[in-house]
Amino acid sequence: MSLLITGGTGYIGSHTVVELLKQNQSVIIVDNLVNSSIKVLDRIQTITGKTVTFIKADICDAKAMDAIFNEHKISAVVHFAGLKAVGESNEIPLTYYHNNVSGTITLLQIMAKHHVKSLVFSSSATVYGEDNQSPLDESMPTSATNPYGMTKLMIENILFDLAKSDPQWSIVCLRYFNPIGAHESGLIGENPHGIPNNLLPYVAQVAIGRLEQLQVFGDDYDTHDGTGVRDYIHVVDLALGHVQALAKLPQLTGCHAINLGTGNGTSVLEIVEKFEEISGKHIAYTIVSRRAGDLASVYAKADLAKSLLNWQAQRDLHTMIADTWRWQSQNPKGY
Ligand code: NAD
Ligand code: UD1
């Protein structure tokens with residue numbers, strides 16, 4: 001039996017595939033490479049010494065997905081495939097709803113047809129919306145402020161309804177906080193196209209000299225230094241959260257939303273300072289106005305993952321930034 005990993009050549013997917021291969025799991029990746037490189041496969045093989053089956057296909061393509069389930073014995077699916085840029089989702093919402101929501105429905109229909117009813121889904125802390133106070137816990141009300149966030153919320157709701165309708169489904173929606181870092185080998189990491197939207201890839205590109213200076217979006221928030229506070233989590237810890245979720249799925253019937261965060265908050269200026277210390281590079285920055293839609297402080301209550309999945313983040317901020325820097329300096333232009 002194999003695990004099907006949609007979006008497995010992407011940032012979080014590739015790190016999860018490495019951890020699953022290390023545990024001797026048989027893995028099949030399906031990805032249309034819209035936001036990832038085929039070179040990831042060689043890197044995964046170098047790290048693990050194992051080969052992984054790769055199928056280039058779109059999750060929206062029901063025929064192609066059906067063929068995969070006909071040809072392979074799949075025990076469970078880890079579903080990373082999706083578009084994830086908040087700003088872009090405001091510009092092309094239909095593309096986001098089609099790819100993320102319709103694509104997931106297609107995947108679920110094919111899974112149901114083949115009696116594969118175990119799923120781990122990539123959700124996001126963005127489903128907590130703007131109205132909750134951190135630490136954010138899974139019982140809080142959910143909402144969305146942009147099409148990307150809405151796709152995550154809609155998919156979660158679909159999954160809860162699906163599990164209610166049929167008790168054979170076991171589903172875990174993992175709500176990621178802010179994934180950063182890279183594999184310790186420096187061989188795989190985050191590889192954004194164009195100018196990065198997220199803080200860590202931006203800072204890393206300033207450090208390597210690809211970008212001139214960071215714009216810090218606001219220093220007048222109600223936080224200890226006025227800059228935004230987030231719950232950064234090492235991508236390998238996140239990957240291990242998926243390994244644990246898969247292990248616990250047989251005991252977890254129904255649908256469960258679970259935070260994957262550290263429970264700690266770090267400000268933008270603390271990230272800049274730590275990056276300078278670890279890389280030995282100066283990070284030029286300028287303070288600009290707040291970015292629309294940003295919140296002052298977002299961090300997790302991480303207890304449910306501990307009790308339900310027996311999982312807890314292990315890697316500290318130093319490791320997260322050292323690994324980001326190793327990846328960036330070994331691969332200045334990405335893959
Ligand atoms: P990523 O873009 O690196 O990986 C997503 C992968 O899915 C890519 O390889 C892309 O080519 C593939 N893909 C997209 N649409 C597809 C389709 N229709 N068919 C097949 N493949 C498709 O992103 P990531 O950072 O690894 O994120 C993985 C998942 O986690 C996404 O669903 C994302 O929304 C979610 N998430 C990410 C973050 C984050 O900060 N990175 C935070 C919360 C949630
Ligand atoms: C953003 C998305 C969120 C998504 C998450 C992970 C928005 C409004 N939110 O969250 O939906 O789930 O990424 O992909 O886009 N910052 C700067 N300068 C920069 C970039 C960021 O100061 O150039 C600050 C931000 O204001 C924030 C912190 O750094 O305080 C982290 O930003 P980012 O990495 O974009 O993550 P989020 O804003 O948490």
# chains A, B, ... in the order shown; residues from 1 in each chain; ligands from 1
>>> residues_near_ligand(ligand="ligand 2", cutoff="9 Å", atoms="only C-alpha atoms and all ligand atoms", output="ChimeraX atom specification")
/A:84-87,123-127,145-146,148-149,176-180,196-203,214-219,227-232,267-269,271,287-288,290-298
>>> write_last_selection(atoms="C-alpha atoms", output="mmCIF file, in the first residue's frame")
data_model
loop_
_atom_site.group_PDB
_atom_site.id
_atom_site.type_symbol
_atom_site.label_atom_id
_atom_site.label_comp_id
_atom_site.auth_asym_id
_atom_site.auth_seq_id
_atom_site.Cartn_x
_atom_site.Cartn_y
_atom_site.Cartn_z
ATOM 1 C CA LYS A 84 -1.388 29.807 -1.728
ATOM 2 C CA ALA A 85 -0.653 33.461 -2.535
ATOM 3 C CA VAL A 86 -3.071 35.725 -0.666
ATOM 4 C CA GLY A 87 -2.565 38.795 -2.901
ATOM 5 C CA SER A 123 -5.285 23.938 6.270
ATOM 6 C CA SER A 124 -4.020 27.235 7.661
ATOM 7 C CA ALA A 125 -4.197 29.477 10.694
ATOM 8 C CA THR A 126 -5.756 31.958 8.281
ATOM 9 C CA VAL A 127 -9.141 30.270 9.021
ATOM 10 C CA THR A 145 -10.755 37.761 4.802
ATOM 11 C CA ASN A 146 -9.545 36.835 1.303
ATOM 12 C CA TYR A 148 -7.280 32.068 -0.426
ATOM 13 C CA GLY A 149 -8.418 31.889 3.209
ATOM 14 C CA TYR A 176 -0.324 25.467 9.933
ATOM 15 C CA PHE A 177 1.007 28.620 11.514
ATOM 16 C CA ASN A 178 4.084 30.135 9.745
ATOM 17 C CA PRO A 179 6.291 27.426 8.232
ATOM 18 C CA ILE A 180 9.941 28.451 7.734
ATOM 19 C CA PRO A 196 8.618 36.724 -2.071
ATOM 20 C CA ASN A 197 5.472 37.757 -0.178
ATOM 21 C CA ASN A 198 6.446 36.099 3.080
ATOM 22 C CA LEU A 199 8.933 37.430 5.585
ATOM 23 C CA LEU A 200 11.604 34.725 5.782
ATOM 24 C CA PRO A 201 12.232 34.205 2.060
ATOM 25 C CA TYR A 202 12.352 37.996 1.695
ATOM 26 C CA VAL A 203 14.908 38.414 4.484
ATOM 27 C CA LEU A 214 13.255 44.606 3.628
ATOM 28 C CA GLN A 215 10.145 46.676 4.113
ATOM 29 C CA VAL A 216 8.858 46.156 7.636
ATOM 30 C CA PHE A 217 5.083 46.453 7.435
ATOM 31 C CA GLY A 218 4.307 48.670 10.416
ATOM 32 C CA ASP A 219 6.007 49.329 13.758
ATOM 33 C CA THR A 227 6.155 44.966 14.704
ATOM 34 C CA GLY A 228 3.959 41.975 13.821
ATOM 35 C CA VAL A 229 4.291 38.817 15.897
ATOM 36 C CA ARG A 230 3.907 35.326 14.351
ATOM 37 C CA ASP A 231 4.284 31.687 15.356
ATOM 38 C CA TYR A 232 7.136 30.470 13.139
ATOM 39 C CA SER A 267 8.350 39.801 16.008
ATOM 40 C CA VAL A 268 9.620 40.950 12.608
ATOM 41 C CA LEU A 269 12.530 42.843 14.201
ATOM 42 C CA ILE A 271 13.634 37.767 13.062
ATOM 43 C CA ILE A 287 9.672 50.804 8.217
ATOM 44 C CA VAL A 288 6.638 51.306 5.955
ATOM 45 C CA ARG A 290 0.972 48.270 7.648
ATOM 46 C CA ARG A 291 0.049 45.646 5.008
ATOM 47 C CA ALA A 292 -3.711 45.391 4.497
ATOM 48 C CA GLY A 293 -5.143 42.347 6.228
ATOM 49 C CA ASP A 294 -2.220 41.840 8.648
ATOM 50 C CA LEU A 295 -2.858 41.254 12.339
ATOM 51 C CA ALA A 296 -0.678 42.352 15.246
ATOM 52 C CA SER A 297 -0.129 39.002 16.876
ATOM 53 C CA VAL A 298 -0.921 35.451 15.708
#
>>> residues_around(residues="A:Met320", least_positions_apart="4", cutoff="9 Å", atoms="only C-alpha atoms", output="PDB file with N, CA, C and O atoms, in the first residue's frame")
ATOM      1  N   ILE A 180       8.676  27.901   8.250  1.00  0.00           N
ATOM      2  CA  ILE A 180       9.941  28.451   7.734  1.00  0.00           C
ATOM      3  C   ILE A 180      11.003  27.363   7.856  1.00  0.00           C
ATOM      4  O   ILE A 180      10.706  26.244   8.284  1.00  0.00           O
ATOM      5  N   GLY A 181      12.250  27.682   7.483  1.00  0.00           N
ATOM      6  CA  GLY A 181      13.321  26.700   7.607  1.00  0.00           C
ATOM      7  C   GLY A 181      13.394  25.815   6.381  1.00  0.00           C
ATOM      8  O   GLY A 181      12.682  26.012   5.393  1.00  0.00           O
ATOM      9  N   ALA A 182      14.290  24.850   6.458  1.00  0.00           N
ATOM     10  CA  ALA A 182      14.550  23.969   5.329  1.00  0.00           C
ATOM     11  C   ALA A 182      15.173  22.701   5.886  1.00  0.00           C
ATOM     12  O   ALA A 182      15.563  22.661   7.059  1.00  0.00           O
ATOM     13  N   TYR A 232       6.344  31.132  14.172  1.00  0.00           N
ATOM     14  CA  TYR A 232       7.136  30.470  13.139  1.00  0.00           C
ATOM     15  C   TYR A 232       7.415  29.032  13.564  1.00  0.00           C
ATOM     16  O   TYR A 232       7.761  28.781  14.723  1.00  0.00           O
ATOM     17  N   ILE A 233       7.267  28.119  12.598  1.00  0.00           N
ATOM     18  CA  ILE A 233       7.471  26.701  12.907  1.00  0.00           C
ATOM     19  C   ILE A 233       8.365  26.078  11.839  1.00  0.00           C
ATOM     20  O   ILE A 233       8.211  26.356  10.642  1.00  0.00           O
ATOM     21  N   HIS A 234       9.310  25.251  12.280  1.00  0.00           N
ATOM     22  CA  HIS A 234      10.257  24.614  11.347  1.00  0.00           C
ATOM     23  C   HIS A 234       9.504  23.642  10.444  1.00  0.00           C
ATOM     24  O   HIS A 234       8.714  22.825  10.925  1.00  0.00           O
ATOM     25  N   VAL A 235       9.814  23.719   9.146  1.00  0.00           N
ATOM     26  CA  VAL A 235       9.086  22.895   8.174  1.00  0.00           C
ATOM     27  C   VAL A 235       9.279  21.394   8.438  1.00  0.00           C
ATOM     28  O   VAL A 235       8.388  20.587   8.141  1.00  0.00           O
ATOM     29  N   ARG A 315      12.117  22.039  17.114  1.00  0.00           N
ATOM     30  CA  ARG A 315      13.221  22.880  16.625  1.00  0.00           C
ATOM     31  C   ARG A 315      13.012  24.343  17.005  1.00  0.00           C
ATOM     32  O   ARG A 315      11.930  24.884  16.795  1.00  0.00           O
ATOM     33  N   ASP A 316      14.081  24.971  17.522  1.00  0.00           N
ATOM     34  CA  ASP A 316      13.959  26.361  17.985  1.00  0.00           C
ATOM     35  C   ASP A 316      14.218  27.362  16.849  1.00  0.00           C
ATOM     36  O   ASP A 316      14.588  26.973  15.730  1.00  0.00           O
ATOM     37  N   THR A 324      17.248  27.940   7.155  1.00  0.00           N
ATOM     38  CA  THR A 324      16.825  28.813   6.047  1.00  0.00           C
ATOM     39  C   THR A 324      18.059  29.381   5.348  1.00  0.00           C
ATOM     40  O   THR A 324      18.154  29.394   4.120  1.00  0.00           O
ATOM     41  N   TRP A 325      19.020  29.820   6.142  1.00  0.00           N
ATOM     42  CA  TRP A 325      20.215  30.460   5.590  1.00  0.00           C
ATOM     43  C   TRP A 325      21.076  29.448   4.816  1.00  0.00           C
ATOM     44  O   TRP A 325      21.608  29.738   3.749  1.00  0.00           O
TER      45      TRP A 325
END
>>> residues_around(residues="A:Thr6", least_positions_apart="2", cutoff="9 Å", atoms="only C-alpha atoms", output="ChimeraX atom specification")
/A:4,8-9,13,28-31,59,77-82
>>> atom_distance(atom1="atom CA of A:Ile278", atom2="atom CA of A:Leu317")
10.7 Å
>>> atom_distance(atom1="atom CA of A:Gly7", atom2="atom CA of A:Thr266")
28.5 Å
>>> closest_residue(among="A:Ile321, A:Met111, A:Leu260, A:Leu3", to="ligand 1", atoms="only C-alpha atoms and all ligand atoms")
A:Leu260
>>> select_by_dssp(residues="stretch 61-289 of chain A", states="strand (DSSP E or B)", output="PyMOL selection string")
chain A and resi 74-79+118-124+128+136+143+170-176+178-180+214-217+229-230+232-234+254-260+266-267+285-288
>>> select_by_dssp(residues="stretch 51-246 of chain A", states="alpha helix (DSSP H)", output="count of residues only")
72
>>> atom_distance(atom1="atom CA of A:Asn157", atom2="atom CA of A:Trp311")
24.3 Å
>>> residues_around(residues="A:Asp42", least_positions_apart="2", cutoff="12 Å", atoms="only C-alpha atoms", output="ChimeraX atom specification")
/A:9,14,18,37-40,44-54,187-188,335
>>> residues_around(residues="A:Gln168", least_positions_apart="3", cutoff="10 Å", atoms="only C-alpha atoms", output="VMD selection string")
chain A and resid 112 115 to 118 162 to 165 171 253 to 254
>>> write_last_selection(atoms="all heavy atoms", output="compact mmCIF listing (two decimals), in the first residue's frame")
# COMPACT_ATOMS: atom_id res chain seq x y z
N ALA A 112 -13.46 8.46 -2.68
CA ALA A 112 -14.67 7.73 -2.24
C ALA A 112 -14.97 6.57 -3.18
O ALA A 112 -15.26 5.45 -2.73
CB ALA A 112 -15.86 8.69 -2.17
N HIS A 115 -12.84 3.76 -2.34
CA HIS A 115 -12.93 3.38 -0.92
C HIS A 115 -11.68 3.74 -0.12
O HIS A 115 -11.28 3.02 0.79
CB HIS A 115 -13.26 1.88 -0.76
CG HIS A 115 -14.42 1.47 -1.59
ND1 HIS A 115 -15.71 1.83 -1.27
CD2 HIS A 115 -14.49 0.77 -2.74
CE1 HIS A 115 -16.53 1.37 -2.21
NE2 HIS A 115 -15.82 0.72 -3.12
N VAL A 116 -11.04 4.84 -0.51
CA VAL A 116 -9.90 5.36 0.27
C VAL A 116 -10.46 6.54 1.05
O VAL A 116 -10.81 7.57 0.48
CB VAL A 116 -8.75 5.81 -0.66
CG1 VAL A 116 -7.59 6.38 0.16
CG2 VAL A 116 -8.27 4.65 -1.52
N LYS A 117 -10.56 6.37 2.38
CA LYS A 117 -11.28 7.38 3.16
C LYS A 117 -10.45 7.92 4.33
O LYS A 117 -10.97 8.25 5.39
CB LYS A 117 -12.61 6.80 3.64
CG LYS A 117 -13.52 6.46 2.45
CD LYS A 117 -14.91 6.02 2.85
CE LYS A 117 -15.77 5.81 1.60
NZ LYS A 117 -17.12 5.35 1.93
N SER A 118 -9.14 7.94 4.11
CA SER A 118 -8.23 8.51 5.12
C SER A 118 -7.49 9.68 4.49
O SER A 118 -6.85 9.52 3.44
CB SER A 118 -7.20 7.46 5.56
OG SER A 118 -7.87 6.37 6.15
N LEU A 162 -18.56 15.90 5.03
CA LEU A 162 -18.31 14.57 4.46
C LEU A 162 -18.17 13.53 5.57
O LEU A 162 -18.78 12.45 5.51
CB LEU A 162 -17.03 14.63 3.61
CG LEU A 162 -16.60 13.35 2.92
CD1 LEU A 162 -17.65 12.88 1.91
CD2 LEU A 162 -15.25 13.56 2.20
N ALA A 163 -17.40 13.88 6.60
CA ALA A 163 -17.19 12.92 7.70
C ALA A 163 -18.49 12.66 8.45
O ALA A 163 -18.72 11.55 8.94
CB ALA A 163 -16.11 13.47 8.64
N LYS A 164 -19.34 13.70 8.53
CA LYS A 164 -20.64 13.53 9.20
C LYS A 164 -21.54 12.58 8.41
O LYS A 164 -22.29 11.79 8.96
CB LYS A 164 -21.32 14.91 9.31
CG LYS A 164 -21.79 15.24 10.73
CD LYS A 164 -22.57 16.54 10.75
CE LYS A 164 -21.68 17.77 10.76
NZ LYS A 164 -22.41 19.02 10.50
N SER A 165 -21.41 12.65 7.08
CA SER A 165 -22.30 11.87 6.22
C SER A 165 -21.90 10.40 6.16
O SER A 165 -22.71 9.55 5.82
CB SER A 165 -22.28 12.43 4.80
OG SER A 165 -21.06 12.09 4.15
N ILE A 171 -10.40 12.03 8.92
CA ILE A 171 -9.81 13.23 8.29
C ILE A 171 -9.18 14.12 9.35
O ILE A 171 -9.78 14.35 10.41
CB ILE A 171 -10.91 14.04 7.56
CG1 ILE A 171 -11.59 13.17 6.49
CG2 ILE A 171 -10.32 15.31 6.94
CD1 ILE A 171 -12.79 13.82 5.82
N THR A 253 -11.60 8.64 13.88
CA THR A 253 -12.69 8.72 12.90
C THR A 253 -13.35 10.09 13.00
O THR A 253 -13.24 10.79 14.01
CB THR A 253 -13.74 7.62 13.14
OG1 THR A 253 -14.11 7.69 14.49
CG2 THR A 253 -13.20 6.25 12.80
N GLY A 254 -14.01 10.49 11.91
CA GLY A 254 -14.59 11.83 11.86
C GLY A 254 -13.58 12.80 11.30
O GLY A 254 -12.56 12.41 10.72
